[in-house]
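What follows is the content of my_file-v5.tsv, which has TSV, C-alpha atoms and all ligand atoms:
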```tsv
chain	number	residue	atom	x	y	z
D	877	MET	CA	77.29	93.61	99.85
D	878	ALA	CA	74.53	95.56	101.51
D	879	SER	CA	72.07	97.20	99.17
D	880	THR	CA	71.96	100.95	98.64
D	881	SER	CA	68.30	100.73	97.68
D	882	ASP	CA	67.08	102.03	101.03
D	883	PHE	CA	68.04	105.52	99.98
D	884	ASP	CA	67.44	107.27	96.72
D	885	ALA	CA	71.02	107.15	95.49
D	886	LYS	CA	70.52	107.71	91.79
D	887	SER	CA	68.52	110.92	92.28
D	888	ALA	CA	71.31	112.61	94.25
D	889	SER	CA	72.69	115.72	92.54
D	890	PRO	CA	75.78	115.12	90.34
D	891	LYS	CA	79.14	115.35	92.07
D	892	ILE	CA	82.78	115.40	90.99
D	893	ILE	CA	84.81	112.87	92.96
D	894	LEU	CA	88.56	112.22	93.10
D	895	VAL	CA	89.85	108.92	94.51
D	896	THR	CA	93.61	108.59	95.09
D	897	GLY	CA	95.33	105.24	94.55
D	898	ALA	CA	92.41	104.15	92.38
D	899	ASN	CA	94.21	101.72	90.09
D	900	ARG	CA	93.75	98.67	92.34
D	901	GLY	CA	92.61	97.38	95.73
D	902	LEU	CA	90.16	99.37	97.79
D	903	GLY	CA	90.57	102.55	95.72
D	904	ASN	CA	89.46	100.64	92.64
D	905	ALA	CA	86.64	98.94	94.57
D	906	ILE	CA	85.48	102.28	95.99
D	907	THR	CA	85.29	103.78	92.51
D	908	HIS	CA	83.34	100.76	91.22
D	909	ALA	CA	80.97	100.78	94.19
D	910	LEU	CA	80.40	104.54	93.92
D	911	ALA	CA	79.78	104.38	90.16
D	912	SER	CA	77.34	101.52	90.67
D	913	ALA	CA	75.41	103.49	93.30
D	914	TYR	CA	75.74	106.94	91.68
D	915	PRO	CA	76.24	106.69	87.92
D	916	GLN	CA	75.39	110.38	87.62
D	917	HIS	CA	78.61	111.46	89.34
D	918	THR	CA	81.93	112.19	87.60
D	919	TYR	CA	84.90	110.13	88.79
D	920	ILE	CA	88.56	111.06	88.58
D	921	LEU	CA	91.02	108.27	89.27
D	922	GLY	CA	94.25	109.43	90.89
D	923	ILE	CA	96.93	106.96	89.79
D	924	ARG	CA	100.56	107.03	90.90
D	925	THR	CA	102.00	106.08	87.50
D	926	LEU	CA	99.68	106.30	84.52
D	927	SER	CA	100.66	104.01	81.67
D	928	SER	CA	99.07	102.23	78.75
D	929	SER	CA	98.91	99.12	80.92
D	930	THR	CA	96.66	100.83	83.46
D	931	THR	CA	93.35	99.05	82.96
D	932	ALA	CA	91.37	100.66	85.80
D	933	LEU	CA	89.91	103.39	83.59
D	934	THR	CA	88.98	101.14	80.66
D	935	ASP	CA	87.44	98.57	83.04
D	936	LEU	CA	85.27	101.24	84.68
D	937	ARG	CA	84.18	102.71	81.34
D	938	ALA	CA	83.21	99.22	80.15
D	939	ALA	CA	81.29	98.46	83.35
D	940	PHE	CA	79.50	101.83	83.53
D	941	PRO	CA	79.21	103.21	79.97
D	942	ASP	CA	76.88	106.06	80.98
D	943	THR	CA	79.21	107.40	83.68
D	944	THR	CA	82.03	109.90	83.16
D	945	PHE	CA	85.51	108.78	84.24
D	946	SER	CA	88.94	110.26	83.78
D	947	ALA	CA	92.36	109.46	85.20
D	948	ILE	CA	95.13	111.70	86.37
D	949	GLU	CA	98.70	110.94	87.37
D	950	LEU	CA	98.99	111.64	91.08
D	951	ASP	CA	101.91	110.40	93.18
D	952	VAL	CA	100.90	111.54	96.64
D	953	SER	CA	104.50	111.39	97.87
D	954	SER	CA	105.61	113.99	95.30
D	955	ASP	CA	104.79	117.67	95.79
D	956	ALA	CA	105.43	118.29	92.09
D	957	SER	CA	102.97	115.57	91.11
D	958	ILE	CA	100.35	116.91	93.55
D	959	ALA	CA	100.77	120.47	92.22
D	960	ALA	CA	100.51	119.32	88.60
D	961	ALA	CA	97.38	117.27	89.33
D	962	ALA	CA	95.75	120.16	91.22
D	963	ALA	CA	96.57	122.59	88.38
D	964	HIS	CA	95.16	120.22	85.77
D	965	LEU	CA	91.93	119.57	87.67
D	966	THR	CA	91.50	123.28	88.42
D	967	ALA	CA	91.77	124.01	84.70
D	968	THR	CA	89.35	121.20	83.85
D	969	TYR	CA	86.61	121.22	86.48
D	970	PRO	CA	84.64	124.03	88.16
D	971	HIS	CA	84.96	122.43	91.57
D	972	LEU	CA	85.61	119.18	93.40
D	973	ASP	CA	82.85	117.79	95.65
D	974	VAL	CA	84.52	114.78	97.22
D	975	LEU	CA	88.17	113.87	97.79
D	976	VAL	CA	88.75	110.27	98.86
D	977	ASN	CA	92.27	109.96	100.31
D	978	ASN	CA	92.75	106.25	99.70
D	979	ALA	CA	96.38	105.82	98.56
D	980	GLY	CA	98.29	104.02	101.28
D	981	ILE	CA	101.12	101.62	102.03
D	982	ALA	CA	102.32	99.34	104.84
D	983	THR	CA	105.62	97.82	105.87
D	984	ARG	CA	106.69	94.98	108.11
D	985	ALA	CA	109.74	96.84	109.43
D	986	GLN	CA	110.13	96.60	113.22
D	987	PRO	CA	112.07	98.85	115.62
D	988	GLY	CA	115.67	97.66	115.81
D	989	GLN	CA	115.85	96.67	112.17
D	990	ASP	CA	118.11	98.59	109.80
D	991	ALA	CA	115.16	99.58	107.65
D	992	TRP	CA	113.06	100.86	110.54
D	993	ARG	CA	113.61	104.61	110.30
D	994	GLU	CA	113.45	104.80	106.52
D	995	GLN	CA	110.39	102.52	106.20
D	996	CYS	CA	108.51	104.08	109.10
D	997	ASN	CA	109.07	107.56	107.67
D	998	ARG	CA	107.94	106.38	104.23
D	999	VAL	CA	104.69	104.95	105.61
D	1000	LEU	CA	104.07	108.12	107.60
D	1001	ASP	CA	104.76	110.17	104.49
D	1002	VAL	CA	102.31	108.34	102.21
D	1003	ASN	CA	99.58	107.57	104.77
D	1004	CYS	CA	99.56	110.86	106.69
D	1005	THR	CA	101.85	113.67	105.48
D	1006	ALA	CA	100.73	113.19	101.89
D	1007	VAL	CA	97.06	113.35	102.88
D	1008	GLY	CA	97.67	116.82	104.33
D	1009	ALA	CA	99.55	117.91	101.19
D	1010	VAL	CA	96.94	116.50	98.78
D	1011	THR	CA	93.97	117.84	100.76
D	1012	TRP	CA	95.52	121.30	100.96
D	1013	ALA	CA	96.43	121.37	97.28
D	1014	PHE	CA	92.82	120.58	96.34
D	1015	MET	CA	91.27	122.80	99.02
D	1016	PRO	CA	90.54	125.77	96.68
D	1017	LEU	CA	88.81	123.44	94.23
D	1018	LEU	CA	86.91	121.75	97.07
D	1019	LYS	CA	85.80	125.10	98.47
D	1020	ALA	CA	84.66	126.20	95.00
D	1021	GLY	CA	81.86	123.63	95.36
D	1022	GLY	CA	78.86	123.73	97.63
D	1023	GLU	CA	79.43	121.07	100.29
D	1024	PRO	CA	83.01	119.80	100.15
D	1025	GLN	CA	83.70	116.39	101.65
D	1026	VAL	CA	87.04	114.73	102.41
D	1027	ILE	CA	87.00	111.02	103.21
D	1028	ASN	CA	90.16	109.44	104.61
D	1029	LEU	CA	90.82	105.70	104.63
D	1030	SER	CA	91.66	104.96	108.22
D	1031	SER	CA	91.91	101.72	110.21
D	1032	ALA	CA	90.72	100.02	113.39
D	1033	ARG	CA	94.39	100.38	114.42
D	1034	ALA	CA	93.90	104.16	114.42
D	1035	SER	CA	91.29	104.05	117.17
D	1036	MET	CA	92.85	104.55	120.61
D	1037	HIS	CA	89.58	103.23	122.04
D	1038	LEU	CA	89.78	99.98	120.07
D	1039	GLN	CA	93.52	99.71	120.70
D	1040	THR	CA	92.88	99.78	124.46
D	1041	THR	CA	89.56	97.94	124.75
D	1042	ALA	CA	89.21	95.53	121.83
D	1043	GLN	CA	90.96	92.22	121.28
D	1044	LEU	CA	93.19	93.41	118.46
D	1045	PRO	CA	96.10	90.99	117.91
D	1046	PRO	CA	99.58	92.48	117.45
D	1047	THR	CA	99.73	94.31	114.15
D	1048	ALA	CA	101.82	93.12	111.22
D	1049	SER	CA	102.90	96.74	110.72
D	1050	ILE	CA	103.53	99.13	113.59
D	1051	PRO	CA	104.34	102.02	111.23
D	1052	TYR	CA	100.96	101.47	109.58
D	1053	SER	CA	99.08	101.70	112.91
D	1054	VAL	CA	101.04	104.82	113.87
D	1055	SER	CA	100.40	106.43	110.49
D	1056	LYS	CA	96.65	105.83	110.59
D	1057	THR	CA	96.38	107.21	114.13
D	1058	ALA	CA	98.32	110.26	112.96
D	1059	LEU	CA	96.00	110.49	109.95
D	1060	ASN	CA	92.96	110.71	112.22
D	1061	VAL	CA	94.57	113.50	114.26
D	1062	LEU	CA	95.63	115.28	111.06
D	1063	MET	CA	92.01	115.15	109.93
D	1064	LEU	CA	90.70	116.57	113.20
D	1065	GLU	CA	93.18	119.44	113.03
D	1066	LEU	CA	92.44	120.18	109.35
D	1067	ALA	CA	88.73	120.23	110.22
D	1068	LYS	CA	89.42	123.01	112.74
D	1069	LEU	CA	91.25	125.02	110.07
D	1070	GLU	CA	88.49	124.46	107.50
D	1071	PRO	CA	85.16	124.21	109.37
D	1072	GLY	CA	83.23	124.52	106.09
D	1073	VAL	CA	84.66	121.23	104.84
D	1074	LEU	CA	83.23	117.90	106.01
D	1075	PHE	CA	86.12	115.66	107.10
D	1076	GLN	CA	85.43	111.99	107.70
D	1077	ALA	CA	87.58	108.97	108.49
D	1078	VAL	CA	86.39	105.50	107.55
D	1079	LEU	CA	87.07	102.00	108.75
D	1080	THR	CA	86.61	99.65	105.81
D	1081	VAL	CA	86.99	96.33	107.58
D	1082	LEU	CA	84.01	94.57	109.16
D	1083	TRP	CA	86.39	93.44	111.86
D	1084	ARG	CA	83.80	92.98	114.64
D	1085	GLN	CA	82.01	90.12	112.90
D	1086	SER	CA	85.06	88.32	111.57
D	1087	PRO	CA	88.39	90.01	112.16
D	1088	GLY	CA	90.54	90.44	109.09
D	1089	HIS	CA	91.34	92.70	106.20
D	1090	CYS	CA	90.03	93.35	102.74
D	1091	ARG	CA	91.82	91.11	100.25
D	1092	THR	CA	94.33	93.52	98.65
D	1093	ALA	CA	98.05	93.80	97.89
D	1094	LEU	CA	98.47	95.75	101.15
D	1095	ASN	CA	98.15	92.50	103.12
D	1096	GLY	CA	99.49	90.15	100.45
D	1097	PHE	CA	95.87	89.23	99.55
D	1098	THR	CA	95.48	87.34	102.85
D	1099	GLY	CA	92.41	89.37	103.86
D	1100	LYS	CA	89.07	87.61	104.22
D	1101	LYS	CA	86.82	90.46	103.05
D	1102	GLU	CA	85.89	91.54	99.58
D	1103	PRO	CA	87.17	95.07	98.78
D	1104	LEU	CA	83.69	95.93	97.43
D	1105	ASP	CA	82.21	95.24	100.88
D	1106	GLY	CA	84.86	97.47	102.45
D	1107	ALA	CA	83.91	100.21	99.98
D	1108	GLU	CA	80.31	100.35	101.19
D	1109	VAL	CA	80.99	102.81	104.02
D	1110	VAL	CA	82.30	105.32	101.46
D	1111	VAL	CA	79.22	104.76	99.29
D	1112	ARG	CA	77.01	105.58	102.27
D	1113	LEU	CA	78.90	108.71	103.30
D	1114	VAL	CA	79.01	110.09	99.76
D	1115	GLY	CA	75.27	109.50	99.44
D	1116	ASP	CA	74.42	111.15	102.73
D	1117	GLU	CA	72.42	114.01	101.27
D	1118	GLY	CA	70.45	114.29	104.50
D	1119	GLU	CA	73.69	114.84	106.42
D	1120	ARG	CA	72.91	112.15	108.98
D	1121	TRP	CA	76.60	111.50	109.46
D	1122	GLY	CA	78.80	114.52	109.94
D	1123	GLN	CA	82.44	114.81	110.84
D	1124	GLY	CA	83.65	111.65	112.50
D	1125	PHE	CA	85.09	108.15	112.21
D	1126	TRP	CA	82.64	105.78	110.49
D	1127	GLU	CA	82.17	102.12	109.65
D	1128	PHE	CA	79.43	100.14	107.91
D	1129	GLU	CA	78.41	97.19	110.09
D	1130	ASP	CA	75.24	95.05	110.18
D	1131	GLY	CA	73.70	97.04	107.35
D	1132	GLU	CA	74.13	100.45	108.94
D	1133	VAL	CA	76.65	103.26	109.26
D	1134	ARG	CA	78.04	103.36	112.78
D	1135	ARG	CA	80.32	105.78	114.56
D	1136	VAL	CA	83.74	104.38	115.55
D	1137	ALA	CA	85.18	105.66	118.83
D	1138	TRP	CA	88.37	107.67	118.34
D	1201	LIG	N1	92.99	96.28	102.80
D	1201	LIG	C1	92.45	96.52	103.98
D	1201	LIG	O1	91.93	95.63	104.66
D	1201	LIG	C2	92.47	97.92	104.54
D	1201	LIG	C3	91.93	98.12	105.80
D	1201	LIG	C4	91.87	99.40	106.31
D	1201	LIG	C5	92.35	100.46	105.57
D	1201	LIG	N2	92.89	100.23	104.34
D	1201	LIG	C6	93.38	101.40	103.61
D	1201	LIG	O2	92.83	101.40	102.31
D	1201	LIG	C7	93.71	102.11	101.43
D	1201	LIG	C8	93.95	101.25	100.21
D	1201	LIG	O3	94.61	100.07	100.62
D	1201	LIG	P1	94.50	98.70	99.82
D	1201	LIG	O4	94.26	97.64	100.81
D	1201	LIG	O5	93.61	98.85	98.66
D	1201	LIG	O6	96.02	98.56	99.33
D	1201	LIG	P2	96.67	98.25	97.89
D	1201	LIG	O7	95.88	97.24	97.16
D	1201	LIG	O8	98.09	98.01	98.17
D	1201	LIG	O9	96.47	99.64	97.11
D	1201	LIG	C9	97.15	100.77	97.54
D	1201	LIG	C10	96.93	101.85	96.52
D	1201	LIG	O10	97.64	103.03	96.96
D	1201	LIG	C11	98.44	103.46	95.87
D	1201	LIG	N3	99.62	104.17	96.29
D	1201	LIG	C12	100.63	103.77	97.08
D	1201	LIG	N4	101.57	104.73	97.19
D	1201	LIG	C13	101.13	105.77	96.42
D	1201	LIG	C14	101.64	107.04	96.09
D	1201	LIG	N5	102.83	107.46	96.57
D	1201	LIG	N6	100.91	107.85	95.28
D	1201	LIG	C15	99.74	107.44	94.78
D	1201	LIG	N7	99.21	106.23	95.02
D	1201	LIG	C16	99.90	105.41	95.84
D	1201	LIG	C17	98.80	102.19	95.11
D	1201	LIG	O11	99.25	102.53	93.82
D	1201	LIG	P3	100.36	101.62	93.05
D	1201	LIG	O12	99.57	100.52	92.40
D	1201	LIG	O13	100.98	102.55	92.07
D	1201	LIG	O14	101.31	101.11	94.08
D	1201	LIG	C18	97.46	101.48	95.15
D	1201	LIG	O15	96.60	102.00	94.17
D	1201	LIG	C19	94.98	102.39	102.23
D	1201	LIG	O16	94.95	103.71	102.72
D	1201	LIG	C20	94.88	101.41	103.38
D	1201	LIG	O17	95.57	101.84	104.51
D	1201	LIG	C21	92.96	98.99	103.81
```
Show this structure as structure tokens.
Ligand SMILES: NC(=O)c1ccc[n+]([C@@H]2O[C@H](COP(=O)([O-])OP(=O)(O)OC[C@H]3O[C@@H](n4cnc5c(N)ncnc54)[C@H](OP(=O)(O)O)[C@@H]3O)[C@@H](O)[C@H]2O)c1
Amino acid sequence: MASTSDFDAKSASPKIILVTGANRGLGNAITHALASAYPQHTYILGIRTLSSSTTALTDLRAAFPDTTFSAIELDVSSDASIAAAAAHLTATYPHLDVLVNNAGIATRAQPGQDAWREQCNRVLDVNCTAVGAVTWAFMPLLKAGGEPQVINLSSARASMHLQTTAQLPPTASIPYSVSKTALNVLMLELAKLEPGVLFQAVLTVLWRQSPGHCRTALNGFTGKKEPLDGAEVVVRLVGDEGERWGQGFWEFEDGEVRRVAW
């Protein structure tokens, strides 16, 4: 993983950060990578179903004993769960600095199959509709802080430029590609409604150098990349105190943050 030592990460002012879908995969890796780079921040893990068997919180506390972590039940497909989480965080914290919309799903359903409509709608719901609902529910808490930032986990499949110019093989999940493209458009529209909030989409896969995914349950652990490497783009954007990278679609390639064409 690229080093964060080229910028003064640990001196950055303390932030309160919520990561959805933080119990495993990239969400878990993002929280680990952020805590490693910025132990002074406070991290809230949004977890679909909190139970005594959820080890994400205890693992983070053991790895970073000087950092503050908490977990909250947050099923992004449930309006009641979103409202309860927003109410709890509003009662607990003065503001929210960063919302990382990471929770996501995929499906292999294809048009023509019985499951197509239901599965496609489900993927759209979790990967796009829910991001709008979650972001809006936390908007008052985000705006209560100084420089609110919303980071959405997107995909190379969401880039119309890459879809039409790059050598992307057929996707394993058409609903997933559609949902991530819709997510990018959702983000651009939300940014127009809330110009004071920094909205960013990220591409976590270093696909240019060696195409593939991060090794997570989303792709049956067939990915070639380490989730911690995929998390680095989020680490960079959260640490961008100098505001070098504004609203946009970003990746971390060859040791630097680069803009991805929409
Ligand atoms: N892996 C890659 O190469 C790759 C590439 C580009 C983008 N991404 C994006 O990265 C994000 C994380 O993916 P991943 O690869 O880490 O997948 P993953 O290992 O399958 O993790 C997905 C996470 O989302 C959570 N989640 C799913 N539905 C949810 C819901 N309704 N409410 C709350 N949480 C929910 C899961 O919680 P449960 O454990 O409860 O199911 C899990 O924590 C996704 O948005 C994905 O599209 C991944």
Measuring between all atoms listed in the file, which one of D:Gly1106, D:Gly1008, D:Gly1072, D:Gly988 shows the shortest distance to ligand LIG 1201 (chain D)?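 Looking at the shortest contact to ligand LIG 1201 (chain D), the residue is D:Gly1106.
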Sorted per-residue table, chain D near ligand LIG 1201 (chain D), closest atoms and distance, 8 Å, only C-alpha atoms and all ligand atoms, as a Markdown table:
```
| residue | atom | partner | partner_atom | distance |
| --- | --- | --- | --- | --- |
| D:Thr896 | CA | D:LIG1201 | N7 | 6.1 |
| D:Gly897 | CA | D:LIG1201 | O15 | 3.5 |
| D:Ala898 | CA | D:LIG1201 | O15 | 5.0 |
| D:Asn899 | CA | D:LIG1201 | O15 | 4.7 |
| D:Arg900 | CA | D:LIG1201 | O15 | 4.7 |
| D:Gly901 | CA | D:LIG1201 | O5 | 3.4 |
| D:Leu902 | CA | D:LIG1201 | O5 | 3.6 |
| D:Gly903 | CA | D:LIG1201 | O5 | 5.6 |
| D:Asn904 | CA | D:LIG1201 | O15 | 7.4 |
| D:Gly922 | CA | D:LIG1201 | C15 | 7.0 |
| D:Ile923 | CA | D:LIG1201 | C15 | 5.7 |
| D:Arg924 | CA | D:LIG1201 | C15 | 4.0 |
| D:Thr925 | CA | D:LIG1201 | O13 | 5.9 |
| D:Leu950 | CA | D:LIG1201 | C15 | 5.6 |
| D:Asp951 | CA | D:LIG1201 | N6 | 3.5 |
| D:Val952 | CA | D:LIG1201 | N6 | 3.9 |
| D:Ser953 | CA | D:LIG1201 | N5 | 4.5 |
| D:Ser954 | CA | D:LIG1201 | N5 | 7.2 |
| D:Asn977 | CA | D:LIG1201 | O16 | 7.2 |
| D:Asn978 | CA | D:LIG1201 | O16 | 4.5 |
| D:Ala979 | CA | D:LIG1201 | O10 | 3.5 |
| D:Gly980 | CA | D:LIG1201 | O16 | 3.7 |
| D:Ile981 | CA | D:LIG1201 | C12 | 5.4 |
| D:Ala982 | CA | D:LIG1201 | O17 | 7.2 |
| D:Val1002 | CA | D:LIG1201 | N5 | 5.7 |
| D:Asn1003 | CA | D:LIG1201 | O16 | 6.4 |
| D:Asn1028 | CA | D:LIG1201 | O16 | 7.7 |
| D:Leu1029 | CA | D:LIG1201 | O16 | 5.0 |
| D:Ser1030 | CA | D:LIG1201 | C5 | 5.3 |
| D:Ser1031 | CA | D:LIG1201 | C4 | 4.5 |
| D:Ala1032 | CA | D:LIG1201 | C4 | 7.2 |
| D:Tyr1052 | CA | D:LIG1201 | O17 | 7.4 |
| D:Lys1056 | CA | D:LIG1201 | O17 | 7.4 |
| D:Leu1079 | CA | D:LIG1201 | C4 | 6.0 |
| D:Thr1080 | CA | D:LIG1201 | C4 | 5.3 |
| D:Val1081 | CA | D:LIG1201 | C3 | 5.5 |
| D:Gly1088 | CA | D:LIG1201 | O1 | 7.0 |
| D:His1089 | CA | D:LIG1201 | O1 | 3.4 |
| D:Cys1090 | CA | D:LIG1201 | O1 | 3.5 |
| D:Arg1091 | CA | D:LIG1201 | N1 | 5.9 |
| D:Thr1092 | CA | D:LIG1201 | O7 | 4.3 |
| D:Ala1093 | CA | D:LIG1201 | O7 | 4.1 |
| D:Leu1094 | CA | D:LIG1201 | O8 | 3.8 |
| D:Asn1095 | CA | D:LIG1201 | N1 | 6.4 |
| D:Gly1099 | CA | D:LIG1201 | O1 | 6.3 |
| D:Lys1101 | CA | D:LIG1201 | O1 | 7.4 |
| D:Pro1103 | CA | D:LIG1201 | N1 | 7.2 |
| D:Gly1106 | CA | D:LIG1201 | O1 | 7.6 |
```
Atom CA of Leu1059 of chain D to atom CA of Ser1035 of chain D, distance in Å rounded to a single decimal: 10.8 Å
Coordinates-based distance that separates atom CA of Val1078 of chain D from atom CA of Ala1013 of chain D (Å, one decimal):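 Separation between atom CA of Ala1013 of chain D and atom CA of Val1078 of chain D: 21.4 Å.
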How many Å separate atom CA of Arg1135 of chain D from atom CA of His908 of chain D?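 Going from atom CA of Arg1135 of chain D over to atom CA of His908 of chain D, I get 24.1 Å.
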For Phe1014 of chain D, please output as a VMD selection string all residues within 12 Å (counting all atoms listed in the file; exclusion window: fewer than 6 positions along the same chain). chain D and resid 893 to 894 958 to 966 969 971 to 977 1007 to 1008 1020 to 1021 1024 to 1026 1073
Restricting the output to C-alpha atoms, write the selected residues as a short mmCIF file (atom, residue, chain, number, x, y, z; two decimals), in the coordinates of the input.
```cif
data_model
loop_
_atom_site.label_atom_id
_atom_site.label_comp_id
_atom_site.auth_asym_id
_atom_site.auth_seq_id
_atom_site.Cartn_x
_atom_site.Cartn_y
_atom_site.Cartn_z
CA ILE D 893 84.81 112.87 92.96
CA LEU D 894 88.56 112.22 93.10
CA ILE D 958 100.35 116.91 93.55
CA ALA D 959 100.77 120.47 92.22
CA ALA D 960 100.51 119.32 88.60
CA ALA D 961 97.38 117.27 89.33
CA ALA D 962 95.75 120.16 91.22
CA ALA D 963 96.57 122.59 88.38
CA HIS D 964 95.16 120.22 85.77
CA LEU D 965 91.93 119.57 87.67
CA THR D 966 91.50 123.28 88.42
CA TYR D 969 86.61 121.22 86.48
CA HIS D 971 84.96 122.43 91.57
CA LEU D 972 85.61 119.18 93.40
CA ASP D 973 82.85 117.79 95.65
CA VAL D 974 84.52 114.78 97.22
CA LEU D 975 88.17 113.87 97.79
CA VAL D 976 88.75 110.27 98.86
CA ASN D 977 92.27 109.96 100.31
CA VAL D 1007 97.06 113.35 102.88
CA GLY D 1008 97.67 116.82 104.33
CA ALA D 1020 84.66 126.20 95.00
CA GLY D 1021 81.86 123.63 95.36
CA PRO D 1024 83.01 119.80 100.15
CA GLN D 1025 83.70 116.39 101.65
CA VAL D 1026 87.04 114.73 102.41
CA VAL D 1073 84.66 121.23 104.84
#
```
For Arg998 of chain D, the nearest of the candidates D:Ala985, D:Ala1107, D:Ala932, D:Leu1018, counting only C-alpha atoms: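 Checking each candidate against Arg998 of chain D, we get D:Ala985 as the closest.
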Can you put N, CA, C and O atoms back into segment 1012-1026 of chain D and show it as a PDB file, keeping the file's coordinate frame?
```pdb
ATOM      1  N   TRP D1012      95.304 119.852 101.019  1.00  0.00           N
ATOM      2  CA  TRP D1012      95.520 121.300 100.960  1.00  0.00           C
ATOM      3  C   TRP D1012      95.641 121.787  99.527  1.00  0.00           C
ATOM      4  O   TRP D1012      95.158 122.864  99.175  1.00  0.00           O
ATOM      5  N   ALA D1013      96.274 120.974  98.689  1.00  0.00           N
ATOM      6  CA  ALA D1013      96.430 121.370  97.280  1.00  0.00           C
ATOM      7  C   ALA D1013      95.062 121.452  96.587  1.00  0.00           C
ATOM      8  O   ALA D1013      94.865 122.287  95.703  1.00  0.00           O
ATOM      9  N   PHE D1014      94.136 120.600  96.979  1.00  0.00           N
ATOM     10  CA  PHE D1014      92.820 120.580  96.340  1.00  0.00           C
ATOM     11  C   PHE D1014      91.794 121.413  97.101  1.00  0.00           C
ATOM     12  O   PHE D1014      90.640 121.501  96.670  1.00  0.00           O
ATOM     13  N   MET D1015      92.218 122.054  98.196  1.00  0.00           N
ATOM     14  CA  MET D1015      91.270 122.800  99.020  1.00  0.00           C
ATOM     15  C   MET D1015      90.556 123.924  98.240  1.00  0.00           C
ATOM     16  O   MET D1015      89.331 124.061  98.354  1.00  0.00           O
ATOM     17  N   PRO D1016      91.268 124.733  97.429  1.00  0.00           N
ATOM     18  CA  PRO D1016      90.540 125.770  96.680  1.00  0.00           C
ATOM     19  C   PRO D1016      89.469 125.182  95.764  1.00  0.00           C
ATOM     20  O   PRO D1016      88.371 125.735  95.656  1.00  0.00           O
ATOM     21  N   LEU D1017      89.785 124.062  95.123  1.00  0.00           N
ATOM     22  CA  LEU D1017      88.810 123.440  94.230  1.00  0.00           C
ATOM     23  C   LEU D1017      87.652 122.834  95.033  1.00  0.00           C
ATOM     24  O   LEU D1017      86.491 122.886  94.612  1.00  0.00           O
ATOM     25  N   LEU D1018      87.958 122.293  96.192  1.00  0.00           N
ATOM     26  CA  LEU D1018      86.910 121.750  97.070  1.00  0.00           C
ATOM     27  C   LEU D1018      85.987 122.885  97.536  1.00  0.00           C
ATOM     28  O   LEU D1018      84.760 122.756  97.514  1.00  0.00           O
ATOM     29  N   LYS D1019      86.604 123.987  97.935  1.00  0.00           N
ATOM     30  CA  LYS D1019      85.800 125.100  98.470  1.00  0.00           C
ATOM     31  C   LYS D1019      85.027 125.835  97.372  1.00  0.00           C
ATOM     32  O   LYS D1019      84.093 126.593  97.673  1.00  0.00           O
ATOM     33  N   ALA D1020      85.399 125.599  96.113  1.00  0.00           N
ATOM     34  CA  ALA D1020      84.660 126.200  95.000  1.00  0.00           C
ATOM     35  C   ALA D1020      83.300 125.519  94.818  1.00  0.00           C
ATOM     36  O   ALA D1020      82.425 126.041  94.139  1.00  0.00           O
ATOM     37  N   GLY D1021      83.136 124.337  95.426  1.00  0.00           N
ATOM     38  CA  GLY D1021      81.860 123.630  95.360  1.00  0.00           C
ATOM     39  C   GLY D1021      80.991 123.980  96.551  1.00  0.00           C
ATOM     40  O   GLY D1021      81.369 124.780  97.415  1.00  0.00           O
ATOM     41  N   GLY D1022      79.820 123.367  96.592  1.00  0.00           N
ATOM     42  CA  GLY D1022      78.860 123.730  97.630  1.00  0.00           C
ATOM     43  C   GLY D1022      79.117 123.097  98.986  1.00  0.00           C
ATOM     44  O   GLY D1022      79.156 123.785 100.011  1.00  0.00           O
ATOM     45  N   GLU D1023      79.301 121.787  99.017  1.00  0.00           N
ATOM     46  CA  GLU D1023      79.430 121.070 100.290  1.00  0.00           C
ATOM     47  C   GLU D1023      80.610 120.110 100.222  1.00  0.00           C
ATOM     48  O   GLU D1023      80.440 118.897 100.068  1.00  0.00           O
ATOM     49  N   PRO D1024      81.833 120.655 100.325  1.00  0.00           N
ATOM     50  CA  PRO D1024      83.010 119.800 100.150  1.00  0.00           C
ATOM     51  C   PRO D1024      83.138 118.730 101.227  1.00  0.00           C
ATOM     52  O   PRO D1024      82.843 118.960 102.395  1.00  0.00           O
ATOM     53  N   GLN D1025      83.596 117.565 100.758  1.00  0.00           N
ATOM     54  CA  GLN D1025      83.700 116.390 101.650  1.00  0.00           C
ATOM     55  C   GLN D1025      85.050 115.717 101.410  1.00  0.00           C
ATOM     56  O   GLN D1025      85.422 115.475 100.260  1.00  0.00           O
ATOM     57  N   VAL D1026      85.757 115.436 102.486  1.00  0.00           N
ATOM     58  CA  VAL D1026      87.040 114.730 102.410  1.00  0.00           C
ATOM     59  C   VAL D1026      86.925 113.450 103.222  1.00  0.00           C
ATOM     60  O   VAL D1026      86.634 113.487 104.417  1.00  0.00           O
TER      61      VAL D1026
END
```
